[in-house]
Amino acid sequence: MTVEWGHFALILALVLSLCQVALPLWGLAGRDHALMQTARGTAIGAFLFTLLAFAALTYAYVQSDFSVINVAMNSHSTKPLAYKISGLWSNHEGSMLLWVLILTLFGALVAMARQAIPLPLLAAVLMVQGGVSSAFFAFILMTSNPFLRALEVPAEGRGLNPILQDPGLAIHPPLLYIGYVGFSIAFSLAIGALIHGRIDAVWARFVRPWTLLAWSFLTLGIAMGSYWAYYELGWGGFWFWDPVENASLMPWLAGTALLHSTVVMEKRDALKVWTILLSILTFSLSLIGTFLVRSGVLTSVHTFASDPSRGKFILGILVFFIGGGLTLFAWRAHALRQGGLFAPISREAGLVLNNLMLATMAATVLIGTLYPLVLEGISGDKISVGAPFFEATMLPLFLPLALLQPLGTALSWKRADLWAAMQRLSWAFGFSVLVLCIVLYVTRGGSVLAPVGAGIGLWLVLGSLADVWLRVWRAKAGWVVNLSRLAGLPRSAWGTALAHAGLGISLIGIAATGWGTEVISTVGKGAEVPAGPYRLVLEQVITRNGPDYRETIGRFQVYSDQQKLGVIEPGKRIFIGQTMPKTEAGLMTIGLGQIYASLGDFQADGTVSLRLYWKPLVVLIWGGALVMAFGGFLSLLDRRSRIAAPRKARQLHGDAA
Amino acid sequence: MTRKSRRMMTIAGLGSILAVAVGLVLYALNDSIVFFYGPTEVIEKKIHVGARLRVGGLVKVGSVVRPSDRMVEFVIGDGNNEITIHYNGLLPDLFREGQGIVAEGRLEAGQRFAADTVLAKHDENYMPREVADSLKKQGHWQGEGKPDAKAGSKP
């Protein structure tokens with residue numbers, strides 16, 4: 001019965017979402033505040049019913065109720081509990097349910113937040129949210145219902161796709177979806193503002209915390225997904241420019257631009273029209289990402305759907321909301337008055353450049369991702385646009401952006417002195433160049449791109465630290481005073497610095513891939529293989545049983561000179577209910593680098609093919625992303641971006657810059 | 001600075017960055033996209049030796065050999081024509097005789113192909129989309145059954 005209750009709750013959530021559109025619309029048309037107020041209740045109600053539906057499906061998964069088709073197709077009674085639960089969102093239907101759960105959660109949060117959003121704007125925002133969630137509820141109920149029962153109950157489930165049975169998968173989709181879906185609030189606020197016809201710095205203050213929240217989670221989600229692909233797919237890469245990865249990168253790039261443009265709008269009342277457009281585009285890219293992944297137009301490990309009716313339905317949703325949003329924008333944007341003037345050399349101008357580069361990067365990724373689909377549709381030619389395309393287009397856009405970033409933060413608002421800003425950062429720049437020269441000398445003969453990338457990364461880190469330091473340091477004040485001023489800096493200043501430093505850290509990690517080593521060989525017992533400064537010896541090959549799989553592993557001892565560092569055990573697993581083996585990489589983290597081993601086929605003579613990497617500083621790639629996300633969360637805790645109104649506005653003193 | 005000249009500067013800056021980006025995209029699209037062909041298309045379209053491309057087809061049963069300890073060689077076909085692929089690396093988990101794979105690399109003389117990547121990016125129920133389409137074109141498509149069953153029915 002629980003499953004039927006869940007199904008019923010989902011239908012009620014759809015009905016409530018429709019009310020969430022109709023009632024506030026009626027209220028807005030008749031300027032009826034009581035009707036506008038209903039938007040809050042319906043938004044919270046829609047979330048609670050979706051939560052109920054989600055809980056019911058989770059219960060079916062935990063109970064291994066194979067009379068539910070979705071559970072039978074994606075679970076197995078021997079799965080550990082955690083994977084029974086995460087199995088829910090490993091498939092199309094379940095992940096769409098998670099998608100709307102998060103969407104309605106955001107709606108409910110807006111309804112409950114103590115931001116002082118004027119009631120007409122709030123009603124419009126919740127109305128748009130209700131529209132988006134109604135469309136996706138209808139999509140789930142009509143084409144992807146996870147609550148359908150089977151006529152014949154199978155005795156056992158078909159099991160979870162083995163590459164998806166992993167802690168990484170358990171948390172990657174929820175993080176990613178919070179990011180994707182969180183941008184819906186920026187979208188709804190933009191549409192609400194266009195309907196409302198008024199937009200000012202206060203609007204930017206409403207949109208900023210939601211964007212920050214979504215961006216921070218999306219950063220974590222992408223980093224998590226990248227690390228998952230790194231250790232799970234056994235290819236040793238951290239980014240494959242796969243369309244599914246690009247689908248998450250596009251909203252991230254646009255969202256990053258949006259974060260920066262809202263700063264300009266909040267502080268200087270400028271870039272209004274652009275910020276509105278960017279809000280619409282960022283969520284549009286989230287929707288396009290959902291379409292790409294969920295419609296089955298792509299064939300990749302992430303695509304579980306292959307039913308054309310779904311594709312058409314999502315395409316319809318996509319066209320309606322993106323087209324509607326942009327039409328409304330074209331119709332109403334002229335009504336928004338432009339504010340704050342600024343000189344070509346100023347913080348604003350720097351942020352415009354930032355937005356231009358980021359938006360161009362997002363557009364480039366979009367072109368590279370859609371071009372093969374469009375070309376195949378037109379001419380039938382099948383092509384693949386892969387890493388060479390993206391490296392050739394993204395690097396020339398990204399490296400200048402990274403190079404200019406610290407300079408941008410050193411510029412003052414409105415009109416800035418470029419020369420003074422450069423002087424302020426001279427020691428950070430000088431030190432980075434010095435390190436670059438040393439690295440170039442030490443690694444001479446190798447790739448030039450790696451040292452340059454690492455140099456720019458270091459410059460980003462030092463530039464961010466310098467920014468924080470220069471905000472507080474006064475030569476005449478003593479150390480104690482300066483340090484206390486440092487502690488008194490607003491959290492958003494720290495957040496900004498950390499996010500930029502995190503980008504630099506990731507960049508150093510990415511650049512360092514150029515210094516790694518790769519060995520492919522066939523090894524037998526006792527064989528010795530070098531991995532950078534270390535070497536590995538194959539001790540023995542073991543076959544053993546895990547909780548729901550059988551695996552064959554190669555046990556390698558890792559040595560540094562004569563010293564034993566430990567053991568890594570790459571292998572192959574065959575899961576119960578599956579026939580295909582799955583490669584499990586063996587990883588050992590030494591300092592900031594990793595030894596990465598992945599096994600190929602076991603041969604009849606007892607040897608096995610081995611791919612072995614030494615990846616120096618590789619941990620920095622994901623570590624930097626964590627620092628970035630942490631910076632985002634820290635900014636979110638800042639007084640100014642509080643979602644709840646501050647009880648007691650404490651006066652902070654340090655913000656003197 | 002007046003509003004007008006500010007606008008001109010903004011447009012000029014915008015335009016130049018966009019022009020650079022468009023240039024980069026066109027250059028990269030010209031230079032780094034890779035076409036996919038089935039074995040028959042490689043012959044029909046007279047693809048020149050040395051071209052970088054993706055080929056795909058079913059791995060011929062019994063064709064996988066290892067001439068040296070790091071090298072692997074196998075034949076893929078679409079029912080009408082075949083290509084011999086040699087590859088220096090680890091085959092993916094889902095690589096099986098009788099199943100569809102895609103290889104990326106350079107074409108060599110005599111229907112040989114030097115692969116630097118071998119992909120078997122399908123799950124247990126279906127094969128790479130490109131390979132399925134290529135088989136359909138050659139009239140050897142047998143529906144989206146279990147690939148194991150298909151392998152049994154195809155010589």
# chains A, B, ... in the order shown; residues from 1 in each chain; ligands from 1
>>> residues_around(residues="range 24-28 of chain B", least_positions_apart="3", cutoff="9 Å", atoms="only C-alpha atoms", output="CSV table (one decimal) with C-alpha atoms, in the first residue's frame")
chain,number,residue,atom,x,y,z
A,364,THR,CA,31.6,27.3,-26.5
A,367,ILE,CA,28.4,24.5,-29.2
A,368,GLY,CA,30.8,21.7,-28.8
A,388,PRO,CA,41.1,18.4,-28.5
A,389,PHE,CA,38.2,20.8,-29.4
A,390,PHE,CA,37.6,21.8,-25.8
A,391,GLU,CA,41.3,22.2,-25.0
A,392,ALA,CA,41.8,24.3,-28.1
A,393,THR,CA,38.9,26.6,-27.3
A,394,MET,CA,38.7,26.7,-23.5
A,396,PRO,CA,42.8,30.5,-24.6
B,19,ALA,CA,35.5,37.4,-32.6
B,20,VAL,CA,38.4,35.6,-30.9
B,21,ALA,CA,36.1,33.0,-29.5
B,31,ASP,CA,40.8,20.7,-36.8
B,32,SER,CA,39.7,18.5,-34.0
B,33,ILE,CA,36.4,16.8,-34.8
>>> residues_around(residues="Val519 in chain A", least_positions_apart="5", cutoff="7 Å", atoms="only C-alpha atoms", output="compact mmCIF listing (two decimals) with C-alpha atoms, in the first residue's frame")
# COMPACT_ATOMS: atom_id res chain seq x y z
CA ARG A 611 48.11 0.43 -16.46
CA LEU A 612 50.04 2.33 -13.84
CA TYR A 613 50.16 6.06 -13.29
>>> residues_around(residues="His76 in chain A", least_positions_apart="6", cutoff="12 Å", atoms="only C-alpha atoms", output="list of chain:residue names")
A:Ala60, A:Tyr61, A:Val62, A:Gln63, A:Ser64, A:Asp65, A:Phe66, A:Asn70, A:Tyr83, A:Lys84, A:Ile85, A:Gly87, A:Leu88, A:Pro154, A:Ala155, A:Glu156, A:Gly157, A:Arg158, A:Gly159, A:Leu160, A:Asn161, A:Pro162, A:Gln165, A:Asp548, A:Phe575, A:Ile576, A:Gly577, A:Gln578
>>> write_last_selection(atoms="N, CA and C atoms", output="short mmCIF file (atom, residue, chain, number, x, y, z; two decimals), in the first residue's frame")
data_model
loop_
_atom_site.label_atom_id
_atom_site.label_comp_id
_atom_site.auth_asym_id
_atom_site.auth_seq_id
_atom_site.Cartn_x
_atom_site.Cartn_y
_atom_site.Cartn_z
N ALA A 60 10.05 1.34 -0.49
CA ALA A 60 9.97 0.20 -1.41
C ALA A 60 11.37 -0.33 -1.72
N TYR A 61 12.33 0.57 -1.86
CA TYR A 61 13.71 0.15 -2.14
C TYR A 61 14.31 -0.57 -0.94
N VAL A 62 14.09 0.01 0.26
CA VAL A 62 14.67 -0.59 1.47
C VAL A 62 14.08 -1.99 1.69
N GLN A 63 12.76 -2.11 1.43
CA GLN A 63 12.08 -3.39 1.63
C GLN A 63 12.32 -4.36 0.47
N SER A 64 13.04 -3.91 -0.57
CA SER A 64 13.21 -4.71 -1.79
C SER A 64 11.88 -5.24 -2.30
N ASP A 65 10.94 -4.31 -2.49
CA ASP A 65 9.61 -4.67 -2.97
C ASP A 65 9.65 -4.80 -4.50
N PHE A 66 9.91 -6.03 -4.99
CA PHE A 66 10.13 -6.19 -6.43
C PHE A 66 8.84 -6.17 -7.24
N ASN A 70 10.27 -0.38 -11.00
CA ASN A 70 11.47 0.42 -10.83
C ASN A 70 12.46 -0.22 -9.85
N TYR A 83 23.30 1.20 -0.71
CA TYR A 83 23.14 1.14 -2.16
C TYR A 83 21.71 0.84 -2.56
N LYS A 84 20.95 0.23 -1.64
CA LYS A 84 19.52 0.08 -1.93
C LYS A 84 18.90 1.47 -2.02
N ILE A 85 19.28 2.34 -1.07
CA ILE A 85 18.71 3.69 -1.06
C ILE A 85 19.23 4.50 -2.25
N GLY A 87 20.28 3.42 -4.95
CA GLY A 87 19.76 2.84 -6.19
C GLY A 87 18.56 3.60 -6.70
N LEU A 88 17.85 4.22 -5.77
CA LEU A 88 16.65 4.99 -6.12
C LEU A 88 16.97 6.03 -7.19
N PRO A 154 8.78 -10.45 -9.97
CA PRO A 154 9.99 -11.28 -10.08
C PRO A 154 10.50 -11.67 -8.69
N ALA A 155 11.14 -12.82 -8.61
CA ALA A 155 11.65 -13.29 -7.33
C ALA A 155 12.84 -12.47 -6.89
N GLU A 156 13.58 -11.91 -7.86
CA GLU A 156 14.80 -11.19 -7.52
C GLU A 156 14.95 -9.99 -8.45
N GLY A 157 15.59 -8.93 -7.94
CA GLY A 157 15.79 -7.75 -8.76
C GLY A 157 16.94 -7.94 -9.73
N ARG A 158 17.02 -7.03 -10.72
CA ARG A 158 18.09 -7.18 -11.73
C ARG A 158 19.40 -6.58 -11.28
N GLY A 159 19.39 -5.93 -10.15
CA GLY A 159 20.66 -5.42 -9.63
C GLY A 159 21.00 -4.07 -10.18
N LEU A 160 21.82 -3.34 -9.42
CA LEU A 160 22.25 -2.00 -9.80
C LEU A 160 23.43 -2.16 -10.74
N ASN A 161 23.47 -1.33 -11.79
CA ASN A 161 24.64 -1.31 -12.67
C ASN A 161 25.91 -1.17 -11.79
N PRO A 162 26.84 -2.14 -11.93
CA PRO A 162 27.96 -2.17 -10.97
C PRO A 162 28.77 -0.88 -10.89
N GLN A 165 27.45 1.34 -8.30
CA GLN A 165 27.44 0.93 -6.89
C GLN A 165 28.70 1.42 -6.21
N ASP A 548 28.52 -8.57 -2.18
CA ASP A 548 27.63 -8.99 -3.27
C ASP A 548 28.40 -9.07 -4.58
N PHE A 575 29.67 -8.60 -10.12
CA PHE A 575 28.60 -8.48 -9.13
C PHE A 575 27.54 -9.54 -9.36
N ILE A 576 26.87 -9.94 -8.26
CA ILE A 576 25.78 -10.90 -8.35
C ILE A 576 24.67 -10.32 -9.23
N GLY A 577 24.19 -11.11 -10.15
CA GLY A 577 23.11 -10.64 -11.02
C GLY A 577 23.64 -9.97 -12.27
N GLN A 578 24.97 -9.86 -12.41
CA GLN A 578 25.57 -9.24 -13.58
C GLN A 578 26.55 -10.22 -14.20
#
>>> atom_distance(atom1="CA of Gly478 in chain A", atom2="CA of Ala466 in chain A")
18.0 Å
>>> closest_atom_pairs(of="chain A", to="chain B", cutoff="8 Å", atoms="only C-alpha atoms", output="JSON lines")
{"residue": "A:Thr299", "atom": "CA", "partner": "B:Arg129", "partner_atom": "CA", "distance": 6.6}
{"residue": "A:Ser300", "atom": "CA", "partner": "B:Lys121", "partner_atom": "CA", "distance": 6.1}
{"residue": "A:Val301", "atom": "CA", "partner": "B:Lys121", "partner_atom": "CA", "distance": 6.4}
{"residue": "A:Ala343", "atom": "CA", "partner": "B:Met1", "partner_atom": "CA", "distance": 7.3}
{"residue": "A:Pro344", "atom": "CA", "partner": "B:Arg6", "partner_atom": "CA", "distance": 7.3}
{"residue": "A:Leu356", "atom": "CA", "partner": "B:Leu14", "partner_atom": "CA", "distance": 7.2}
{"residue": "A:Met357", "atom": "CA", "partner": "B:Ile17", "partner_atom": "CA", "distance": 7.8}
{"residue": "A:Thr360", "atom": "CA", "partner": "B:Ala21", "partner_atom": "CA", "distance": 7.0}
{"residue": "A:Thr364", "atom": "CA", "partner": "B:Val25", "partner_atom": "CA", "distance": 7.0}
{"residue": "A:Asp381", "atom": "CA", "partner": "B:Phe35", "partner_atom": "CA", "distance": 7.3}
{"residue": "A:Lys382", "atom": "CA", "partner": "B:Phe36", "partner_atom": "CA", "distance": 5.2}
{"residue": "A:Ile383", "atom": "CA", "partner": "B:Phe35", "partner_atom": "CA", "distance": 4.1}
{"residue": "A:Ser384", "atom": "CA", "partner": "B:Val34", "partner_atom": "CA", "distance": 5.2}
{"residue": "A:Val385", "atom": "CA", "partner": "B:Ile33", "partner_atom": "CA", "distance": 5.0}
{"residue": "A:Gly386", "atom": "CA", "partner": "B:Ile33", "partner_atom": "CA", "distance": 7.1}
{"residue": "A:Pro388", "atom": "CA", "partner": "B:Ser32", "partner_atom": "CA", "distance": 5.7}
{"residue": "A:Phe389", "atom": "CA", "partner": "B:Ala28", "partner_atom": "CA", "distance": 5.2}
{"residue": "A:Ala392", "atom": "CA", "partner": "B:Ala28", "partner_atom": "CA", "distance": 6.1}
{"residue": "A:Thr393", "atom": "CA", "partner": "B:Leu24", "partner_atom": "CA", "distance": 5.5}
{"residue": "A:Leu397", "atom": "CA", "partner": "B:Ala21", "partner_atom": "CA", "distance": 7.7}
{"residue": "A:Ile520", "atom": "CA", "partner": "B:Gly89", "partner_atom": "CA", "distance": 6.6}
{"residue": "A:Ser521", "atom": "CA", "partner": "B:Arg70", "partner_atom": "CA", "distance": 5.9}
{"residue": "A:Thr522", "atom": "CA", "partner": "B:Asp69", "partner_atom": "CA", "distance": 6.0}
{"residue": "A:Met580", "atom": "CA", "partner": "B:Leu94", "partner_atom": "CA", "distance": 6.6}
{"residue": "A:Pro581", "atom": "CA", "partner": "B:Asp93", "partner_atom": "CA", "distance": 6.1}
{"residue": "A:Lys582", "atom": "CA", "partner": "B:Asp93", "partner_atom": "CA", "distance": 5.9}
{"residue": "A:Thr583", "atom": "CA", "partner": "B:Asp93", "partner_atom": "CA", "distance": 6.6}
{"residue": "A:Leu599", "atom": "CA", "partner": "B:Leu90", "partner_atom": "CA", "distance": 7.8}
{"residue": "A:Gly600", "atom": "CA", "partner": "B:Leu90", "partner_atom": "CA", "distance": 5.3}
{"residue": "A:Asp601", "atom": "CA", "partner": "B:Leu91", "partner_atom": "CA", "distance": 7.7}
{"residue": "A:Ser609", "atom": "CA", "partner": "B:Leu90", "partner_atom": "CA", "distance": 6.9}
{"residue": "A:Leu610", "atom": "CA", "partner": "B:Leu90", "partner_atom": "CA", "distance": 7.5}
{"residue": "A:Arg611", "atom": "CA", "partner": "B:Leu90", "partner_atom": "CA", "distance": 7.2}
>>> write_last_selection(atoms="N, CA and C atoms", output="short mmCIF file (atom, residue, chain, number, x, y, z; two decimals), in the first residue's frame")
data_model
loop_
_atom_site.label_atom_id
_atom_site.label_comp_id
_atom_site.auth_asym_id
_atom_site.auth_seq_id
_atom_site.Cartn_x
_atom_site.Cartn_y
_atom_site.Cartn_z
N THR A 299 24.40 8.83 -25.97
CA THR A 299 24.63 7.50 -25.44
C THR A 299 25.90 7.59 -24.62
N SER A 300 25.75 7.42 -23.34
CA SER A 300 26.94 7.43 -22.51
C SER A 300 26.58 6.71 -21.23
N VAL A 301 27.56 6.50 -20.40
CA VAL A 301 27.33 5.72 -19.18
C VAL A 301 26.24 6.32 -18.30
N ALA A 343 33.97 53.69 -15.32
CA ALA A 343 35.04 53.90 -16.28
C ALA A 343 35.53 52.55 -16.82
N PRO A 344 36.24 52.59 -17.99
CA PRO A 344 36.73 51.32 -18.56
C PRO A 344 37.73 50.61 -17.66
N LEU A 356 31.96 38.28 -19.59
CA LEU A 356 32.07 38.05 -21.02
C LEU A 356 32.81 36.75 -21.29
N MET A 357 33.93 36.57 -20.57
CA MET A 357 34.75 35.36 -20.78
C MET A 357 33.97 34.13 -20.35
N THR A 360 31.19 33.37 -22.73
CA THR A 360 31.73 32.81 -23.97
C THR A 360 32.14 31.36 -23.78
N THR A 364 30.75 28.21 -25.75
CA THR A 364 31.64 27.31 -26.47
C THR A 364 31.37 25.85 -26.10
N ASP A 381 25.88 12.67 -40.78
CA ASP A 381 27.28 12.36 -40.45
C ASP A 381 27.43 12.21 -38.94
N LYS A 382 28.20 11.22 -38.55
CA LYS A 382 28.44 11.05 -37.13
C LYS A 382 29.84 11.55 -36.81
N ILE A 383 29.89 12.50 -35.88
CA ILE A 383 31.21 12.99 -35.50
C ILE A 383 31.31 12.97 -33.99
N SER A 384 32.52 13.06 -33.50
CA SER A 384 32.65 13.26 -32.07
C SER A 384 33.51 14.48 -31.84
N VAL A 385 33.07 15.31 -30.92
CA VAL A 385 33.83 16.50 -30.55
C VAL A 385 34.37 16.21 -29.16
N GLY A 386 35.65 16.06 -29.07
CA GLY A 386 36.20 15.62 -27.79
C GLY A 386 37.20 16.58 -27.21
N PRO A 388 40.30 17.42 -27.73
CA PRO A 388 41.10 18.37 -28.52
C PRO A 388 40.34 19.67 -28.80
N PHE A 389 39.05 19.55 -29.14
CA PHE A 389 38.25 20.76 -29.40
C PHE A 389 38.17 21.63 -28.16
N ALA A 392 41.43 23.25 -27.16
CA ALA A 392 41.83 24.33 -28.07
C ALA A 392 41.00 25.58 -27.85
N THR A 393 39.75 25.44 -27.42
CA THR A 393 38.91 26.63 -27.27
C THR A 393 38.88 27.16 -25.84
N LEU A 397 40.65 30.96 -23.52
CA LEU A 397 39.71 31.82 -22.81
C LEU A 397 39.96 31.80 -21.32
N ILE A 520 52.24 1.14 -19.30
CA ILE A 520 51.33 0.04 -19.60
C ILE A 520 52.20 -1.19 -19.81
N SER A 521 51.93 -2.26 -19.04
CA SER A 521 52.73 -3.45 -19.29
C SER A 521 51.98 -4.67 -18.81
N THR A 522 52.52 -5.82 -19.17
CA THR A 522 51.92 -7.07 -18.72
C THR A 522 52.82 -7.62 -17.63
N MET A 580 29.06 -8.87 -16.59
CA MET A 580 30.24 -8.12 -16.99
C MET A 580 31.14 -7.85 -15.78
N PRO A 581 32.45 -7.99 -15.98
CA PRO A 581 33.33 -7.60 -14.88
C PRO A 581 33.46 -6.08 -14.83
N LYS A 582 33.91 -5.58 -13.71
CA LYS A 582 34.08 -4.16 -13.55
C LYS A 582 35.44 -3.91 -12.95
N THR A 583 36.20 -3.00 -13.54
CA THR A 583 37.55 -2.72 -13.06
C THR A 583 37.50 -1.85 -11.81
N LEU A 599 43.80 -2.71 -13.68
CA LEU A 599 44.16 -3.97 -14.33
C LEU A 599 43.33 -4.21 -15.57
N GLY A 600 43.94 -4.86 -16.56
CA GLY A 600 43.22 -5.29 -17.76
C GLY A 600 42.85 -6.76 -17.60
N ASP A 601 42.94 -7.49 -18.70
CA ASP A 601 42.50 -8.89 -18.67
C ASP A 601 43.57 -9.79 -18.03
N SER A 609 47.50 -7.59 -17.64
CA SER A 609 47.95 -6.31 -18.15
C SER A 609 47.63 -5.23 -17.12
N LEU A 610 48.56 -4.29 -17.00
CA LEU A 610 48.48 -3.29 -15.94
C LEU A 610 48.69 -1.91 -16.54
N ARG A 611 47.88 -0.97 -16.11
CA ARG A 611 48.11 0.43 -16.46
C ARG A 611 48.42 1.14 -15.16
#
>>> atom_distance(atom1="CA of Val59 in chain B", atom2="CA of Asn81 in chain B")
12.1 Å
>>> atom_distance(atom1="CA of Gln138 in chain B", atom2="CA of Glu41 in chain B")
9.7 Å
>>> residues_around(residues="range 280-291 of chain A", least_positions_apart="3", cutoff="7 Å", atoms="only C-alpha atoms", output="ChimeraX atom specification")
/A:180,183-184,187,190,247-248,250-251,254-255,276-277,294-295,314-315,318,322,325
>>> write_last_selection(atoms="C-alpha atoms", output="tab-separated table (two decimals), in the first residue's frame")
chain	number	residue	atom	x	y	z
A	180	TYR	CA	21.17	22.54	-11.07
A	183	PHE	CA	19.41	28.10	-10.16
A	184	SER	CA	15.65	27.86	-10.69
A	187	PHE	CA	15.28	32.18	-12.93
A	190	ALA	CA	14.22	37.18	-12.91
A	247	ALA	CA	25.91	19.44	-19.16
A	248	SER	CA	26.97	20.23	-15.60
A	250	MET	CA	27.64	24.90	-18.64
A	251	PRO	CA	25.36	25.97	-15.77
A	254	ALA	CA	26.97	30.68	-16.36
A	255	GLY	CA	26.27	30.52	-12.61
A	276	ILE	CA	18.35	39.31	-15.56
A	277	LEU	CA	19.32	37.69	-18.85
A	294	ARG	CA	17.47	12.52	-19.37
A	295	SER	CA	16.11	12.42	-22.91
A	314	ILE	CA	11.44	17.39	-21.84
A	315	LEU	CA	12.11	19.24	-25.08
A	318	LEU	CA	12.64	23.26	-22.33
A	322	ILE	CA	13.47	29.02	-22.05
A	325	GLY	CA	11.59	33.46	-20.35
>>> residues_around(residues="Gly631 in chain A", least_positions_apart="4", cutoff="8 Å", atoms="only C-alpha atoms", output="PyMOL selection string")
chain A and resi 494-499+627+635
>>> closest_residue(among="A:Leu538, A:Val439, A:Val523, A:Val472", to="Pro490 in chain A", atoms="only C-alpha atoms")
A:Val472
>>> residues_around(residues="range 260-262 of chain A", least_positions_apart="2", cutoff="8 Å", atoms="only C-alpha atoms", output="list in words")
Ala204, Arg205, Val207, Arg208, Thr256, Ala257, Leu258, Val264, Met265, Glu266, Leu271, Trp274, Thr275, Leu351, Val352, Asn354 and Asn355 of chain A
>>> residues_around(residues="range 560-566 of chain A", least_positions_apart="5", cutoff="12 Å", atoms="only C-alpha atoms", output="ChimeraX atom specification")
/A:530-537,539,555,586-591,595
>>> write_last_selection(atoms="N, CA and C atoms", output="PDB file, in the first residue's frame")
ATOM      1  N   PRO A 530      57.945   0.590 -12.446  1.00  0.00           N
ATOM      2  CA  PRO A 530      58.169   1.912 -11.867  1.00  0.00           C
ATOM      3  C   PRO A 530      56.933   2.807 -11.993  1.00  0.00           C
ATOM      4  N   ALA A 531      56.726   3.656 -10.975  1.00  0.00           N
ATOM      5  CA  ALA A 531      55.658   4.648 -11.028  1.00  0.00           C
ATOM      6  C   ALA A 531      56.234   5.945 -10.500  1.00  0.00           C
ATOM      7  N   GLY A 532      56.734   6.809 -11.393  1.00  0.00           N
ATOM      8  CA  GLY A 532      57.373   8.040 -10.962  1.00  0.00           C
ATOM      9  C   GLY A 532      58.535   7.706 -10.040  1.00  0.00           C
ATOM     10  N   PRO A 533      58.600   8.315  -8.863  1.00  0.00           N
ATOM     11  CA  PRO A 533      59.709   8.052  -7.947  1.00  0.00           C
ATOM     12  C   PRO A 533      59.541   6.742  -7.168  1.00  0.00           C
ATOM     13  N   TYR A 534      58.459   6.023  -7.383  1.00  0.00           N
ATOM     14  CA  TYR A 534      58.198   4.801  -6.620  1.00  0.00           C
ATOM     15  C   TYR A 534      58.253   3.586  -7.535  1.00  0.00           C
ATOM     16  N   ARG A 535      58.204   2.388  -6.895  1.00  0.00           N
ATOM     17  CA  ARG A 535      58.062   1.198  -7.736  1.00  0.00           C
ATOM     18  C   ARG A 535      57.125   0.226  -7.066  1.00  0.00           C
ATOM     19  N   LEU A 536      56.490  -0.575  -7.898  1.00  0.00           N
ATOM     20  CA  LEU A 536      55.507  -1.526  -7.401  1.00  0.00           C
ATOM     21  C   LEU A 536      55.947  -2.944  -7.738  1.00  0.00           C
ATOM     22  N   VAL A 537      55.687  -3.865  -6.808  1.00  0.00           N
ATOM     23  CA  VAL A 537      56.005  -5.272  -7.044  1.00  0.00           C
ATOM     24  C   VAL A 537      54.724  -6.078  -6.876  1.00  0.00           C
ATOM     25  N   GLU A 539      52.810  -8.939  -5.731  1.00  0.00           N
ATOM     26  CA  GLU A 539      53.044  -9.985  -4.743  1.00  0.00           C
ATOM     27  C   GLU A 539      52.275 -11.244  -5.096  1.00  0.00           C
ATOM     28  N   ARG A 555      47.715  -7.998  -5.785  1.00  0.00           N
ATOM     29  CA  ARG A 555      48.204  -7.296  -4.601  1.00  0.00           C
ATOM     30  C   ARG A 555      49.619  -6.787  -4.884  1.00  0.00           C
ATOM     31  N   GLY A 586      43.249   0.641  -8.156  1.00  0.00           N
ATOM     32  CA  GLY A 586      43.939   0.680  -6.873  1.00  0.00           C
ATOM     33  C   GLY A 586      44.595   2.042  -6.724  1.00  0.00           C
ATOM     34  N   LEU A 587      44.339   2.694  -5.607  1.00  0.00           N
ATOM     35  CA  LEU A 587      44.847   4.044  -5.411  1.00  0.00           C
ATOM     36  C   LEU A 587      45.677   4.111  -4.142  1.00  0.00           C
ATOM     37  N   MET A 588      46.769   4.845  -4.190  1.00  0.00           N
ATOM     38  CA  MET A 588      47.474   5.163  -2.950  1.00  0.00           C
ATOM     39  C   MET A 588      47.852   6.626  -2.993  1.00  0.00           C
ATOM     40  N   THR A 589      47.439   7.359  -1.966  1.00  0.00           N
ATOM     41  CA  THR A 589      47.760   8.779  -1.904  1.00  0.00           C
ATOM     42  C   THR A 589      49.061   8.959  -1.136  1.00  0.00           C
ATOM     43  N   ILE A 590      50.046   9.568  -1.781  1.00  0.00           N
ATOM     44  CA  ILE A 590      51.320   9.853  -1.124  1.00  0.00           C
ATOM     45  C   ILE A 590      51.514  11.361  -1.192  1.00  0.00           C
ATOM     46  N   GLY A 591      51.441  12.021  -0.057  1.00  0.00           N
ATOM     47  CA  GLY A 591      51.468  13.487  -0.067  1.00  0.00           C
ATOM     48  C   GLY A 591      50.272  13.984  -0.837  1.00  0.00           C
ATOM     49  N   ILE A 595      49.333   7.230  -6.599  1.00  0.00           N
ATOM     50  CA  ILE A 595      49.661   6.127  -7.490  1.00  0.00           C
ATOM     51  C   ILE A 595      48.332   5.517  -7.888  1.00  0.00           C
TER      52      ILE A 595
END
>>> select_by_dssp(residues="range 46-140 of chain B", states="alpha helix (DSSP H)", output="PyMOL selection string")
chain B and resi 129-137
>>> closest_residue(among="A:Leu366, A:Ile102, A:Ala511, A:Leu617", to="Val448 in chain A", atoms="only C-alpha atoms")
A:Ala511
>>> closest_residue(among="B:Val42, B:Ile11, B:Val131, B:Ile101", to="Thr117 in chain B", atoms="only C-alpha atoms")
B:Ile101
>>> closest_residue(among="A:Leu218, A:Leu407, A:Ala604, A:Leu507", to="Phe633 in chain A", atoms="only C-alpha atoms")
A:Leu218
